[in-house]
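Beneath this line is the structure, given in structure tokens, with notes to follow.
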Amino acid sequence: MKRNIIVFLASVFLLTGCKDLLTPEIENNRELNPGNYTPNDAGLPFGVLLNGYNRIPTNSWSFNDVATDDAVSNDQNDQFLKIANGQWTANNNPLNQWTNAYAAIQYLNITLRDVDTVKWATDPDVSRLFAMRIKGEAFGLRALFYYHLLQAHAGMSESSAILGVPINLEVQGTNSDFNKPRSNFEACMKQIYSDLAQADQLLPTDYENIANASLIPAKYGTVTKEQYDRAFGSAFRGFFTGRVAKAIRSKAALLAASPAFNKSGATNAWADAANYAGEVIALKGGIGALAANGLTWYSNASEIAGLADGANPSEILWRNNYGDNRDLEQANFPPSLFGNGRINPTQNLVDAFPMANGRPITDAASGYDASNPYAGRDPRLRMFILVNGGTAGPNNSMINTAADGPTNDALNKVETSTRTGYYLRKLLRQDVNLNPNSANNQRHYKPHIRYTEIFLNYAEAANEAWGPTGTGAYSFSAYDVIKAIRTRAGVGTTNGDPYLEEMKGSKEQMRALIRNERRIELCFEGFRFWDLRRWNASLGETAKGVSIRNNNYSIINVESRQFQPFMIYGPIPYGEILKFGSLEQNKGWR
């Protein structure tokens with residue numbers, strides 16, 4: 001059984017890269033008919049489930065930061081640059097999840113229809129365990145795709161109601177009614193919670209081999225250690241688990257509680273979001289379990305090299321497969337390191353990093369020196385952003401981004417130069433060499449969910465529900481989480497972080513600090529665009545940079561943003577509106 005699955009998995013992943021080259025004849029297409037699967041056929045329905053995994057939006061980097069005040073791109077064809085410049089329409093939407101998500105949901109509905117008819121193994125107990133697992137994964141993935149649909153397409157109708165998306169829970173065939181209206185947002189959230197609850201009920205917390213049969217959860221009945229390990233053992237790390245279900249519930253609840261969707265400002269929505277995140281944090285081990293090396297999860301070389309298949313470092317809750325490559329570095333190293341310098345952080349983001357003493361640079365007591373702007377700053381600044389005079393690459397080369405600099409790294413010098421005076425440093429392995437004469441690859445992976453995100457989810461929701469120091473079902477507060485995150489970063493560690501102590505007396509001040517910490521900690525990981533929208537915050541901040549000449553620093557406007565207020569909600573695809581009269585477009589979109 002295991003060998004069949006491994007062979008099928010290998011085939012699926014090998015073929016996905018060349019699928020456009022294969023056009024099977026109709027007689028070679030296998031019909032999916034429930035009720036007639038044998039153990040030798042188990043790879044087929046499992047492959048249907050894998051279509052859901054292959055479509056997870058976070059399988060790859062999006063860098064939608066380019067559409068915000070955090071970054072610009074020197075690639076004039078960048079899709080997010082185009083929408084930031086006013087080319088975002090209902091039929092030109094790089095953030096569209098409609099086709100991808102509903103295709104995945106169709107495959108997952110097929111899985112749920114057929115799962116109990118499949119003979120997953122000749123051993124009936126093992127077959128039952130596999131059926132529970134596959135069903136749990138399908139429920140969980142379906143909830144994940146509905147979350148992404150809501151994030152991208154939920155919005156306000158002309159009558160000011162908050163609408164979600166159509167809910168499809170059955171396999172759709174040629175005779176199905178595709179002309180379904182959008183369900184309201186609350187109904188979609190209830191469906192997400194229902195699917196996640198079923199996933200959590202069916203799945204183990206993690207896929208691990210157990211020491212003995214006494215550790216088998218009662219929900220799986222009387223089975224042996226060997227039978228349990230065959231279905232839920234470490235060979236399946238990386239697939240959807242109960243822990244992942246809890247984390248996605250936290251993400252969905254935070255979206256639902258946010259100002260753009262929680263129009264009443266109900267504190268119970270924030271309390272639910274906090275408690276759902278708190279459950280994940282408690283399961284991890286509490287505040288003290290925040291990974292000490294979590295800031296540099298992408299470049300912890302020995303940790304990454306030692307990863308077993310599917311295993312997670314302490315910072316990572318769920319990730320995709322690792323691979324050896326240099327793609328991110330090729331795209332984003334500065335020109336002197338043979339890179340294309342694509343993602344350029346903005347002065348706006350640089351200014352968001354406080355001083356190492358914890359105070360923002362706008363605070364008169366911070367000690368900020370505009371003539372020496374990178375001195376004494378939050379250590380995360382130089383970790384995440386390559387500033388003028390910073391070092392990068394395998395030889396720790398100094399990078400000069402000044403407008404009068406001598407190399408192509410200088411501001412606007414060539415097509416691959418920075419447009420802002422900054423280059424991306426976060427996510428990049430500095431031990432990658434792009435020199436054609438000595439190029440090398442290094443191991444990379446892409447997180448689906450980091451624990452730091454869940455900690456920040458809790459801080460935001462707990463502050464809104466109970467204030468900076470209040471608690472709900474768990475003993476820690478928003479203040480406790482932010483204190484732990486800033487301490488890990490080396491912020492306020494020498495002076496007791498008096499700025500944080502001042503902020504904890506006000507929900508509004510703590511809210512601003514939490515949002516800023518989220519901006520810093522999760523920068524370039526695909527959060528800023530969605531966060532600004534769910535906060536109902538401005539998308540129109542002009543992206544700024546710095547021009548340095550003769551060691552004098554001048555702030556420059558780099559790129560304006562062309563967003564309308566209604567764009568805090570994304571559109572329903574224009575083609576879907578044309579095809580189906582029951583679909584209502586979000587207010588403002590045409």
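Chain labels A, B, ... are given in the sequence in which chains occur in the structure tokens; within each chain residues are numbered consecutively from 1, and ligands are likewise numbered from 1 in the order shown.
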
Next on the checklist: as a ChimeraX atom specification, please: the residues near Trp530 (chain A) (cut-off 9 Å, only C-alpha atoms, same-chain neighbours under 3 positions excluded).
Outcome noted: /A:64,151-152,526-527,533-535,568

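Counting only C-alpha atoms, the residue from A:Phe338, A:Ser264, A:Asp69, A:Ile167 that sits nearest to Ser438 (chain A) is A:Phe338.
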
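You can rank A:Phe353, A:Phe529, A:Trp270, A:Phe46 by their closest distance to Gly472 (chain A) using only C-alpha atoms, and at the top of that list sits A:Trp270.
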
Using only C-alpha atoms, tabulate the residues of region 474-562 of chain A lying at most 9 Å from any atom of region 420-426 of chain A, each with its closest atom pair and that distance in Å to one decimal, by chain and increasing residue number, as a tab-separated table.
residue	atom	partner	partner_atom	distance
A:Cys523	CA	A:Lys426	CA	8.5
A:Phe524	CA	A:Lys426	CA	7.7
A:Ala543	CA	A:Thr420	CA	8.6
A:Lys544	CA	A:Thr420	CA	6.8
A:Gly545	CA	A:Thr420	CA	4.0
A:Val546	CA	A:Gly421	CA	5.4
A:Ser547	CA	A:Gly421	CA	6.4
A:Ile548	CA	A:Gly421	CA	8.0
A:Ile556	CA	A:Thr420	CA	8.1
A:Asn557	CA	A:Thr420	CA	8.8
A:Val558	CA	A:Thr420	CA	6.7

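Residue nearest Glu559 (chain A) within the list A:Ser582, A:Ser336, A:Asn516, A:Asn348: A:Asn348 [criterion: smallest interatomic distance, only C-alpha atoms].
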
Counting only C-alpha atoms, which residues in region 324-396 of chain A sit no more than 10 Å from region 444-455 of chain A? For each one, give the nearest pair of atoms and the distance in Å, sorted by chain then residue number, as a Markdown table.
| residue | atom | partner | partner_atom | distance |
| --- | --- | --- | --- | --- |
| A:Asp324 | CA | A:His444 | CA | 6.2 |
| A:Asn325 | CA | A:His444 | CA | 7.1 |
| A:Arg326 | CA | A:His444 | CA | 8.4 |
| A:Asp327 | CA | A:His444 | CA | 9.5 |
| A:Leu328 | CA | A:His444 | CA | 9.1 |

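For the choices A:Ala356, A:Leu583, A:Leu141, A:Leu428, the atom-to-atom distance to Gly490 (chain A) is smallest for A:Ala356 when using only C-alpha atoms.
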
Checklist entry - Looking at A:Ala266, A:Val66, A:Leu255, A:Met355, which one is nearest to Asp378 (chain A), with distances taken over only C-alpha atoms? => result A:Met355

Listing only residues of region 464-569 of chain A within 9 Å of region 273-287 of chain A, what is the closest atom pair and its distance in Å (to one decimal) for each, using only C-alpha atoms, sorted by chain and residue number ascending, as CSV?
residue,atom,partner,partner_atom,distance
A:Ala465,CA,A:Ala274,CA,7.8
A:Gly472,CA,A:Asn275,CA,6.8
A:Ala473,CA,A:Asn275,CA,6.2
A:Tyr474,CA,A:Gly278,CA,6.4
A:Phe476,CA,A:Ile287,CA,7.4
A:Asp480,CA,A:Ile287,CA,7.6
A:Val481,CA,A:Ile287,CA,6.6
A:Ala484,CA,A:Ile287,CA,7.2

Based on the selection just made, write N, CA and C atoms of those residues as an mmCIF file, in the first residue's frame.
data_model
loop_
_atom_site.group_PDB
_atom_site.id
_atom_site.type_symbol
_atom_site.label_atom_id
_atom_site.label_comp_id
_atom_site.auth_asym_id
_atom_site.auth_seq_id
_atom_site.Cartn_x
_atom_site.Cartn_y
_atom_site.Cartn_z
ATOM 1 N N ALA A 465 -10.203 42.345 22.170
ATOM 2 C CA ALA A 465 -11.233 41.721 23.008
ATOM 3 C C ALA A 465 -11.138 42.151 24.466
ATOM 4 N N GLY A 472 -8.172 35.811 28.059
ATOM 5 C CA GLY A 472 -9.407 35.070 27.865
ATOM 6 C C GLY A 472 -9.262 33.683 28.446
ATOM 7 N N ALA A 473 -9.310 32.685 27.591
ATOM 8 C CA ALA A 473 -9.222 31.300 28.043
ATOM 9 C C ALA A 473 -7.796 30.900 28.403
ATOM 10 N N TYR A 474 -6.831 31.738 28.068
ATOM 11 C CA TYR A 474 -5.426 31.399 28.307
ATOM 12 C C TYR A 474 -4.794 32.472 29.170
ATOM 13 N N PHE A 476 -1.994 34.182 28.977
ATOM 14 C CA PHE A 476 -1.131 35.220 28.421
ATOM 15 C C PHE A 476 -1.962 36.309 27.746
ATOM 16 N N ASP A 480 2.013 40.352 26.669
ATOM 17 C CA ASP A 480 2.989 39.269 26.870
ATOM 18 C C ASP A 480 3.563 38.792 25.538
ATOM 19 N N VAL A 481 2.697 38.662 24.540
ATOM 20 C CA VAL A 481 3.149 38.194 23.233
ATOM 21 C C VAL A 481 4.092 39.209 22.590
ATOM 22 N N ALA A 484 7.463 39.240 24.185
ATOM 23 C CA ALA A 484 8.281 38.094 23.782
ATOM 24 C C ALA A 484 8.851 38.293 22.380
#

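Atom to atom, CA of Leu578 (chain A) and CA of Ala252 (chain A) stand 29.3 Å apart.
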